[in-house]
Amino acid sequence: MSKKALIVGINKYPASPLSYCINDAKAINDLLLWNEDGSSNFSTDVYTDIPAKAMLKEYLYELFRHEHEIALFYFSGHGCEDECGFHIATRDGVPNDVGVSMSDLMIMVNGSPAKNKIIILDCCHAGGFGECHKSSGTAIYLHDGITVLLASKAKEKAYEVNGHGIFTNLLLEALKGGAADLNGDITPGSIYAFVDKALGRHQQRPVFKTNVSEFVSLRKVIPQVSGDVLQQIAELFPTAGYSFPLDPSFEFKNDPKEKQEPIEPYAKEENVKKLKDLQKLTGIGLVAPEGEDHMYFAAMHSKSCRLTPLGQHYWRLMRKK
């Protein structure tokens, strides 16, 4: 099954033009096309300054009517909320018919045979998507396999800065690797966590909604550590709570041939390699020194190191494998 993305950016609204939505669309497309190692990722259709609502609806129907592994819709432009609920604004929008309505989009998404449906909206009032609106009184349900990432809450605006929307700028950093897990996979959940943390207490707050049993990978980057190093967790730590003992023989600088005064026992090649792997695991938050702030001092002072809670989680995964 394929991974398909529809990417739309609209700048040229007659009454209220925007500056960077086309930049957003092109940058998102560039990242989704390929994984970091150069392997193909999504097949994409990119449309900018679509002139009419009917055209956008046609593109959406085409995206969601197929049995894709992932069907992803990204939009950057104007969003608005009126008495009838949330709308993705199109260039031909008029009062009472602003663009593609939430209800129209929900019908397409909920009825799609695609295994995973991802909606990413960078527009004002995006949080209104998927909410029960007072005019309808009808509850809104996300069917199985749907995940929604929205730039702002229903009553909030979405802002542009430095050539991109604030939300999309963070989304791009997340897709470049900022939201990658230890295997290099970037999921909707990890993207939201990255964006939410980066925005902090900013007046624009992202919204995340999902109904899935597990997250899919939207892009893969080269992992921070190799699988061989990750496997060392299970080999160096016989139990999840084990304290791995260190001494000066693990530190390569503790060489009697060096000018400084070495401490016995002197550096041993086997132990030096283990410490280098442990330091890599420390760098990604899986291992921590005990009684010292740095692994170097833990070795030189004959202290120990242990698995962090996240390290214990990966230790269990390695043991299962």
# chains A, B, ... in the order shown; residues from 1 in each chain; ligands from 1

call {"tool": "closest_atom_pairs", "arguments": {"of": "segment 210-245 of chain A", "to": "segment 293-304 of chain A", "cutoff": "8 Å", "atoms": "only C-alpha atoms", "output": "Markdown table"}}
result
| residue | atom | partner | partner_atom | distance |
| --- | --- | --- | --- | --- |
| A:Ser243 | CA | A:Ser304 | CA | 6.0 |
| A:Phe244 | CA | A:Ser304 | CA | 5.3 |
| A:Pro245 | CA | A:Ser304 | CA | 4.3 |

call {"tool": "write_last_selection", "arguments": {"atoms": "C-alpha atoms", "output": "short mmCIF file (atom, residue, chain, number, x, y, z; two decimals), in the first residue's frame"}}
result
data_model
loop_
_atom_site.label_atom_id
_atom_site.label_comp_id
_atom_site.auth_asym_id
_atom_site.auth_seq_id
_atom_site.Cartn_x
_atom_site.Cartn_y
_atom_site.Cartn_z
CA SER A 243 24.34 -0.53 38.37
CA PHE A 244 27.18 -1.00 35.89
CA PRO A 245 30.51 -0.57 37.76
#

call {"tool": "residues_around", "arguments": {"residues": "Asn271 of chain A", "least_positions_apart": "3", "cutoff": "8 Å", "atoms": "only C-alpha atoms", "output": "ChimeraX atom specification"}}
result
/A:249-251,267-268,274-275

call {"tool": "write_last_selection", "arguments": {"atoms": "C-alpha atoms", "output": "PDB file, in the first residue's frame"}}
result
ATOM      1  CA  SER A 249      40.380   1.458  33.054  1.00  0.00           C
ATOM      2  CA  PHE A 250      37.299   2.603  31.070  1.00  0.00           C
ATOM      3  CA  GLU A 251      38.748   6.059  30.313  1.00  0.00           C
ATOM      4  CA  ALA A 267      42.965   2.154  30.348  1.00  0.00           C
ATOM      5  CA  LYS A 268      41.958  -1.171  28.790  1.00  0.00           C
ATOM      6  CA  LYS A 274      32.253  -0.093  26.412  1.00  0.00           C
ATOM      7  CA  LEU A 275      32.475   3.395  27.894  1.00  0.00           C
TER       8      LEU A 275
END

call {"tool": "select_by_dssp", "arguments": {"residues": "segment 8-108 of chain A", "states": "strand (DSSP E or B)", "output": "PyMOL selection string"}}
result
chain A and resi 8-9+34+40+43-48+70-76+79-82+85-94+97-101

call {"tool": "write_last_selection", "arguments": {"atoms": "N, CA and C atoms", "output": "compact mmCIF listing (two decimals), in the first residue's frame"}}
result
# COMPACT_ATOMS: atom_id res chain seq x y z
N VAL A 8 -1.37 21.66 0.13
CA VAL A 8 -1.99 22.86 -0.43
C VAL A 8 -1.53 24.10 0.34
N GLY A 9 -1.14 25.13 -0.41
CA GLY A 9 -0.80 26.42 0.18
C GLY A 9 -1.46 27.53 -0.61
N TRP A 34 11.09 12.40 0.58
CA TRP A 34 12.23 11.51 0.80
C TRP A 34 12.52 11.34 2.27
N SER A 40 12.68 6.75 -1.09
CA SER A 40 11.41 7.44 -1.35
C SER A 40 10.46 7.27 -0.18
N SER A 43 4.36 9.81 -2.03
CA SER A 43 4.02 10.36 -3.34
C SER A 43 3.14 11.58 -3.07
N THR A 44 3.46 12.72 -3.66
CA THR A 44 2.78 13.96 -3.29
C THR A 44 2.16 14.66 -4.49
N ASP A 45 1.07 15.37 -4.22
CA ASP A 45 0.48 16.33 -5.15
C ASP A 45 0.48 17.67 -4.44
N VAL A 46 1.10 18.67 -5.05
CA VAL A 46 1.22 20.00 -4.45
C VAL A 46 0.44 21.00 -5.29
N TYR A 47 -0.44 21.74 -4.62
CA TYR A 47 -1.24 22.76 -5.32
C TYR A 47 -1.14 24.07 -4.55
N THR A 48 -0.90 25.16 -5.28
CA THR A 48 -0.79 26.47 -4.65
C THR A 48 -1.79 27.43 -5.29
N ILE A 70 -1.11 5.37 4.03
CA ILE A 70 -1.30 6.66 4.69
C ILE A 70 -1.84 7.64 3.65
N ALA A 71 -2.92 8.33 3.96
CA ALA A 71 -3.42 9.44 3.16
C ALA A 71 -3.28 10.70 4.01
N LEU A 72 -2.44 11.63 3.59
CA LEU A 72 -2.11 12.81 4.39
C LEU A 72 -2.56 14.07 3.66
N PHE A 73 -3.27 14.94 4.34
CA PHE A 73 -3.67 16.24 3.81
C PHE A 73 -3.03 17.33 4.65
N TYR A 74 -2.22 18.18 3.99
CA TYR A 74 -1.62 19.34 4.66
C TYR A 74 -2.16 20.60 4.00
N PHE A 75 -2.57 21.55 4.83
CA PHE A 75 -3.10 22.82 4.32
C PHE A 75 -2.49 23.99 5.07
N SER A 76 -2.08 25.00 4.31
CA SER A 76 -1.62 26.27 4.89
C SER A 76 -2.36 27.40 4.19
N GLY A 79 -8.21 29.92 7.67
CA GLY A 79 -9.29 29.12 8.22
C GLY A 79 -10.24 30.07 8.92
N CYS A 80 -11.50 29.74 8.96
CA CYS A 80 -12.45 30.63 9.63
C CYS A 80 -13.54 29.81 10.29
N GLU A 81 -14.22 30.45 11.22
CA GLU A 81 -15.31 29.81 11.95
C GLU A 81 -16.52 30.73 11.93
N ASP A 82 -17.67 30.21 11.54
CA ASP A 82 -18.90 30.99 11.55
C ASP A 82 -20.01 30.19 12.23
N GLY A 85 -19.79 26.45 11.74
CA GLY A 85 -18.60 25.70 12.13
C GLY A 85 -17.35 26.14 11.40
N PHE A 86 -16.34 25.26 11.41
CA PHE A 86 -15.02 25.56 10.85
C PHE A 86 -15.01 25.34 9.33
N HIS A 87 -14.23 26.20 8.62
CA HIS A 87 -14.08 26.07 7.18
C HIS A 87 -12.62 26.29 6.79
N ILE A 88 -12.15 25.54 5.82
CA ILE A 88 -10.89 25.84 5.14
C ILE A 88 -11.23 26.85 4.04
N ALA A 89 -10.70 28.04 4.14
CA ALA A 89 -11.08 29.11 3.22
C ALA A 89 -10.42 28.93 1.86
N THR A 90 -11.19 29.17 0.81
CA THR A 90 -10.67 29.15 -0.56
C THR A 90 -10.78 30.54 -1.17
N ARG A 91 -10.10 30.73 -2.29
CA ARG A 91 -10.00 32.08 -2.88
C ARG A 91 -11.34 32.59 -3.40
N ASP A 92 -12.25 31.70 -3.74
CA ASP A 92 -13.55 32.13 -4.25
C ASP A 92 -14.60 32.20 -3.14
N GLY A 93 -14.17 32.14 -1.90
CA GLY A 93 -15.10 32.15 -0.79
C GLY A 93 -15.90 33.43 -0.69
N VAL A 94 -17.16 33.30 -0.29
CA VAL A 94 -18.05 34.44 -0.07
C VAL A 94 -18.75 34.22 1.26
N ASP A 97 -20.44 30.93 2.44
CA ASP A 97 -19.88 29.84 1.63
C ASP A 97 -18.38 30.11 1.48
N VAL A 98 -17.68 30.03 2.62
CA VAL A 98 -16.29 30.48 2.70
C VAL A 98 -15.33 29.51 2.02
N GLY A 99 -15.65 28.22 2.07
CA GLY A 99 -14.74 27.22 1.51
C GLY A 99 -15.21 25.82 1.86
N VAL A 100 -14.25 24.92 2.05
CA VAL A 100 -14.57 23.53 2.38
C VAL A 100 -14.92 23.44 3.87
N SER A 101 -16.11 22.97 4.15
CA SER A 101 -16.57 22.93 5.54
C SER A 101 -15.99 21.74 6.28

call {"tool": "atom_distance", "arguments": {"atom1": "atom CA of Cys305 of chain A", "atom2": "atom CA of Pro289 of chain A"}}
result
4.1 Å

call {"tool": "select_by_dssp", "arguments": {"residues": "segment 138-303 of chain A", "states": "alpha helix (DSSP H)", "output": "ChimeraX atom specification"}}
result
/A:166-173,188-199,227-236,269-283,295-300

call {"tool": "closest_residue", "arguments": {"among": "A:Leu317, A:Val216, A:Ile50, A:Leu172", "to": "Asn11 of chain A", "atoms": "only C-alpha atoms"}}
result
A:Ile50

call {"tool": "atom_distance", "arguments": {"atom1": "atom CA of Pro223 of chain A", "atom2": "atom CA of Gly184 of chain A"}}
result
4.4 Å

call {"tool": "closest_residue", "arguments": {"among": "A:Ile120, A:Ser190, A:Leu32, A:Leu105", "to": "Tyr59 of chain A", "atoms": "only C-alpha atoms"}}
result
A:Leu105

call {"tool": "residues_around", "arguments": {"residues": "Val212 of chain A", "least_positions_apart": "2", "cutoff": "10 Å", "atoms": "only C-alpha atoms", "output": "list in words"}}
result
Asn116, Lys117, Leu142, His143, Asp144, Gly145, Ile146, Thr147, Lys209, Thr210, Glu214, Phe215 and Val216 of chain A

call {"tool": "closest_residue", "arguments": {"among": "A:Leu150, A:Ala198, A:Leu236, A:Ile186", "to": "Val287 of chain A", "atoms": "only C-alpha atoms"}}
result
A:Leu236
